Amino acid sequence: MAFINDIRNQEGFTAACAQARSFGFDGKTLIHPSQIDPCNAAFAPSPEDVEAARKIIAAFELPENKGKGAISLDGRMVELLHAEIARQTVALANAIAVLETA
């Protein structure tokens with residue numbers, strides 16, 4: 001089910017997106033504009049994910065955390081790797097928002 005080339009099969013495409021997400025993929029190749037919304041619904045970060053990502057970014061930008069490789073945030077250890085993932089999450093959310101308003 002990984003590739004759906006019947007652009008009328010929205011249910012199949014939506015299921016393929018869900019399957020890809022469950023396998024750890026972060027996107028899908030699209031062959032028709034009708035696939036954009038279901039793909040964004042499957043792969044876009046949730047508002048909660050974006051909020052958490054922004055919190056991580058802000059924490060690493062605090063003067064007392066500049067240059068640190070790991071910090072404590074809400075009782076958890078957060079590393080620079082998490083900050084990079086957070087930046088990617090926010091960038092993806094911003095890109096989708098721009099496309100949705102276009």
# chains A, B, ... in the order shown; residues from 1 in each chain; ligands from 1
>>> residues_around(residues="A:Ala42", least_positions_apart="3", cutoff="12 Å", atoms="only C-alpha atoms", output="PyMOL selection string")
chain A and resi 13-22+24-28+35-39+45-46
>>> residues_around(residues="stretch 67-77 of chain A", least_positions_apart="6", cutoff="12 Å", atoms="only C-alpha atoms", output="JSON, numbers by chain")
{"A": [52, 53, 55, 56, 57, 58, 59, 60, 61, 83, 84]}
>>> closest_residue(among="A:Gln10, A:Asn5, A:Ser34, A:Asn40", to="A:Ala93", atoms="only C-alpha atoms")
A:Asn40
>>> select_by_dssp(residues="stretch 21-76 of chain A", states="alpha helix (DSSP H)", output="list of chain:residue names")
A:Arg21, A:Ser22, A:Ile36, A:Asp37, A:Pro38, A:Cys39, A:Asn40, A:Ala41, A:Ala42, A:Phe43, A:Pro47, A:Glu48, A:Asp49, A:Val50, A:Glu51, A:Ala52, A:Ala53, A:Arg54, A:Lys55, A:Ile56, A:Ile57, A:Ala58, A:Ala59, A:Phe60, A:Glu61
>>> closest_residue(among="A:His82, A:Thr29, A:Phe23, A:Val90", to="A:Glu51", atoms="only C-alpha atoms")
A:Val90
>>> select_by_dssp(residues="chain A", states="strand (DSSP E or B)", output="list of chain:residue names")
A:Ala70, A:Ile71, A:Ser72, A:Leu73, A:Arg76, A:Met77, A:Val78, A:Glu79
>>> closest_residue(among="A:Val50, A:Ala41, A:Leu30, A:Ile4", to="A:Ile85", atoms="only C-alpha atoms")
A:Val50
>>> closest_residue(among="A:Asn9, A:Asn65, A:Thr101, A:Asn94", to="A:Val78", atoms="only C-alpha atoms")
A:Asn65
>>> decode(residues="stretch 15-28 of chain A", atoms="all heavy atoms", output="PDB file, in the first residue's frame")
ATOM      1  N   ALA A  15      -4.878   6.121   4.076  1.00  0.00           N
ATOM      2  CA  ALA A  15      -4.390   4.926   4.777  1.00  0.00           C
ATOM      3  C   ALA A  15      -2.892   4.726   4.534  1.00  0.00           C
ATOM      4  O   ALA A  15      -2.154   4.346   5.451  1.00  0.00           O
ATOM      5  CB  ALA A  15      -5.177   3.695   4.328  1.00  0.00           C
ATOM      6  N   ALA A  16      -2.441   4.990   3.315  1.00  0.00           N
ATOM      7  CA  ALA A  16      -1.015   4.848   3.008  1.00  0.00           C
ATOM      8  C   ALA A  16      -0.190   5.858   3.798  1.00  0.00           C
ATOM      9  O   ALA A  16       0.911   5.545   4.274  1.00  0.00           O
ATOM     10  CB  ALA A  16      -0.782   5.016   1.509  1.00  0.00           C
ATOM     11  N   CYS A  17      -0.719   7.072   3.959  1.00  0.00           N
ATOM     12  CA  CYS A  17      -0.026   8.080   4.766  1.00  0.00           C
ATOM     13  C   CYS A  17       0.068   7.625   6.218  1.00  0.00           C
ATOM     14  O   CYS A  17       1.129   7.743   6.847  1.00  0.00           O
ATOM     15  CB  CYS A  17      -0.745   9.422   4.684  1.00  0.00           C
ATOM     16  SG  CYS A  17      -0.543  10.286   3.113  1.00  0.00           S
ATOM     17  N   ALA A  18      -1.036   7.117   6.751  1.00  0.00           N
ATOM     18  CA  ALA A  18      -1.038   6.642   8.141  1.00  0.00           C
ATOM     19  C   ALA A  18      -0.045   5.495   8.315  1.00  0.00           C
ATOM     20  O   ALA A  18       0.679   5.428   9.315  1.00  0.00           O
ATOM     21  CB  ALA A  18      -2.446   6.209   8.543  1.00  0.00           C
ATOM     22  N   GLN A  19      -0.010   4.591   7.340  1.00  0.00           N
ATOM     23  CA  GLN A  19       0.927   3.475   7.405  1.00  0.00           C
ATOM     24  C   GLN A  19       2.370   3.984   7.367  1.00  0.00           C
ATOM     25  O   GLN A  19       3.211   3.555   8.164  1.00  0.00           O
ATOM     26  CB  GLN A  19       0.686   2.520   6.242  1.00  0.00           C
ATOM     27  CG  GLN A  19       1.624   1.327   6.242  1.00  0.00           C
ATOM     28  CD  GLN A  19       1.455   0.464   5.003  1.00  0.00           C
ATOM     29  OE1 GLN A  19       1.450   0.976   3.890  1.00  0.00           O
ATOM     30  NE2 GLN A  19       1.296  -0.829   5.218  1.00  0.00           N
ATOM     31  N   ALA A  20       2.657   4.911   6.480  1.00  0.00           N
ATOM     32  CA  ALA A  20       4.011   5.458   6.377  1.00  0.00           C
ATOM     33  C   ALA A  20       4.414   6.146   7.675  1.00  0.00           C
ATOM     34  O   ALA A  20       5.537   5.976   8.157  1.00  0.00           O
ATOM     35  CB  ALA A  20       4.091   6.429   5.200  1.00  0.00           C
ATOM     36  N   ARG A  21       3.498   6.897   8.255  1.00  0.00           N
ATOM     37  CA  ARG A  21       3.792   7.574   9.533  1.00  0.00           C
ATOM     38  C   ARG A  21       4.095   6.543  10.621  1.00  0.00           C
ATOM     39  O   ARG A  21       5.011   6.715  11.414  1.00  0.00           O
ATOM     40  CB  ARG A  21       2.608   8.464   9.919  1.00  0.00           C
ATOM     41  CG  ARG A  21       2.719   9.137  11.258  1.00  0.00           C
ATOM     42  CD  ARG A  21       3.414  10.479  11.137  1.00  0.00           C
ATOM     43  NE  ARG A  21       3.679  11.049  12.440  1.00  0.00           N
ATOM     44  CZ  ARG A  21       3.360  12.264  12.790  1.00  0.00           C
ATOM     45  NH1 ARG A  21       2.730  13.043  11.948  1.00  0.00           N
ATOM     46  NH2 ARG A  21       3.671  12.716  13.972  1.00  0.00           N
ATOM     47  N   SER A  22       3.312   5.454  10.645  1.00  0.00           N
ATOM     48  CA  SER A  22       3.528   4.419  11.664  1.00  0.00           C
ATOM     49  C   SER A  22       4.867   3.720  11.482  1.00  0.00           C
ATOM     50  O   SER A  22       5.417   3.186  12.441  1.00  0.00           O
ATOM     51  CB  SER A  22       2.386   3.397  11.651  1.00  0.00           C
ATOM     52  OG  SER A  22       2.482   2.528  10.539  1.00  0.00           O
ATOM     53  N   PHE A  23       5.399   3.732  10.271  1.00  0.00           N
ATOM     54  CA  PHE A  23       6.714   3.141  10.000  1.00  0.00           C
ATOM     55  C   PHE A  23       7.850   4.118  10.286  1.00  0.00           C
ATOM     56  O   PHE A  23       9.013   3.793  10.111  1.00  0.00           O
ATOM     57  CB  PHE A  23       6.815   2.681   8.550  1.00  0.00           C
ATOM     58  CG  PHE A  23       5.989   1.476   8.199  1.00  0.00           C
ATOM     59  CD1 PHE A  23       5.654   1.222   6.879  1.00  0.00           C
ATOM     60  CD2 PHE A  23       5.531   0.589   9.165  1.00  0.00           C
ATOM     61  CE1 PHE A  23       4.903   0.103   6.532  1.00  0.00           C
ATOM     62  CE2 PHE A  23       4.774  -0.516   8.835  1.00  0.00           C
ATOM     63  CZ  PHE A  23       4.460  -0.764   7.511  1.00  0.00           C
ATOM     64  N   GLY A  24       7.510   5.346  10.688  1.00  0.00           N
ATOM     65  CA  GLY A  24       8.523   6.324  11.036  1.00  0.00           C
ATOM     66  C   GLY A  24       8.883   7.302   9.931  1.00  0.00           C
ATOM     67  O   GLY A  24       9.791   8.120  10.101  1.00  0.00           O
ATOM     68  N   PHE A  25       8.180   7.250   8.813  1.00  0.00           N
ATOM     69  CA  PHE A  25       8.450   8.198   7.736  1.00  0.00           C
ATOM     70  C   PHE A  25       7.897   9.571   8.119  1.00  0.00           C
ATOM     71  O   PHE A  25       6.960   9.680   8.908  1.00  0.00           O
ATOM     72  CB  PHE A  25       7.829   7.727   6.420  1.00  0.00           C
ATOM     73  CG  PHE A  25       8.530   6.538   5.834  1.00  0.00           C
ATOM     74  CD1 PHE A  25       8.105   5.252   6.126  1.00  0.00           C
ATOM     75  CD2 PHE A  25       9.619   6.699   4.991  1.00  0.00           C
ATOM     76  CE1 PHE A  25       8.753   4.147   5.602  1.00  0.00           C
ATOM     77  CE2 PHE A  25      10.274   5.600   4.461  1.00  0.00           C
ATOM     78  CZ  PHE A  25       9.843   4.320   4.762  1.00  0.00           C
ATOM     79  N   ASP A  26       8.463  10.619   7.537  1.00  0.00           N
ATOM     80  CA  ASP A  26       8.018  11.963   7.881  1.00  0.00           C
ATOM     81  C   ASP A  26       7.389  12.697   6.704  1.00  0.00           C
ATOM     82  O   ASP A  26       7.167  13.905   6.752  1.00  0.00           O
ATOM     83  CB  ASP A  26       9.162  12.779   8.459  1.00  0.00           C
ATOM     84  CG  ASP A  26      10.336  12.922   7.523  1.00  0.00           C
ATOM     85  OD1 ASP A  26      10.262  12.469   6.359  1.00  0.00           O
ATOM     86  OD2 ASP A  26      11.356  13.492   7.942  1.00  0.00           O
ATOM     87  N   GLY A  27       7.075  11.983   5.646  1.00  0.00           N
ATOM     88  CA  GLY A  27       6.426  12.591   4.490  1.00  0.00           C
ATOM     89  C   GLY A  27       6.176  11.560   3.413  1.00  0.00           C
ATOM     90  O   GLY A  27       6.522  10.388   3.564  1.00  0.00           O
ATOM     91  N   LYS A  28       5.580  12.017   2.334  1.00  0.00           N
ATOM     92  CA  LYS A  28       5.220  11.125   1.241  1.00  0.00           C
ATOM     93  C   LYS A  28       5.341  11.891  -0.068  1.00  0.00           C
ATOM     94  O   LYS A  28       5.110  13.096  -0.108  1.00  0.00           O
ATOM     95  CB  LYS A  28       3.773  10.668   1.446  1.00  0.00           C
ATOM     96  CG  LYS A  28       3.465   9.375   0.776  1.00  0.00           C
ATOM     97  CD  LYS A  28       2.362   8.651   1.515  1.00  0.00           C
ATOM     98  CE  LYS A  28       1.868   7.489   0.710  1.00  0.00           C
ATOM     99  NZ  LYS A  28       2.896   6.698   0.088  1.00  0.00           N
TER     100      LYS A  28
END
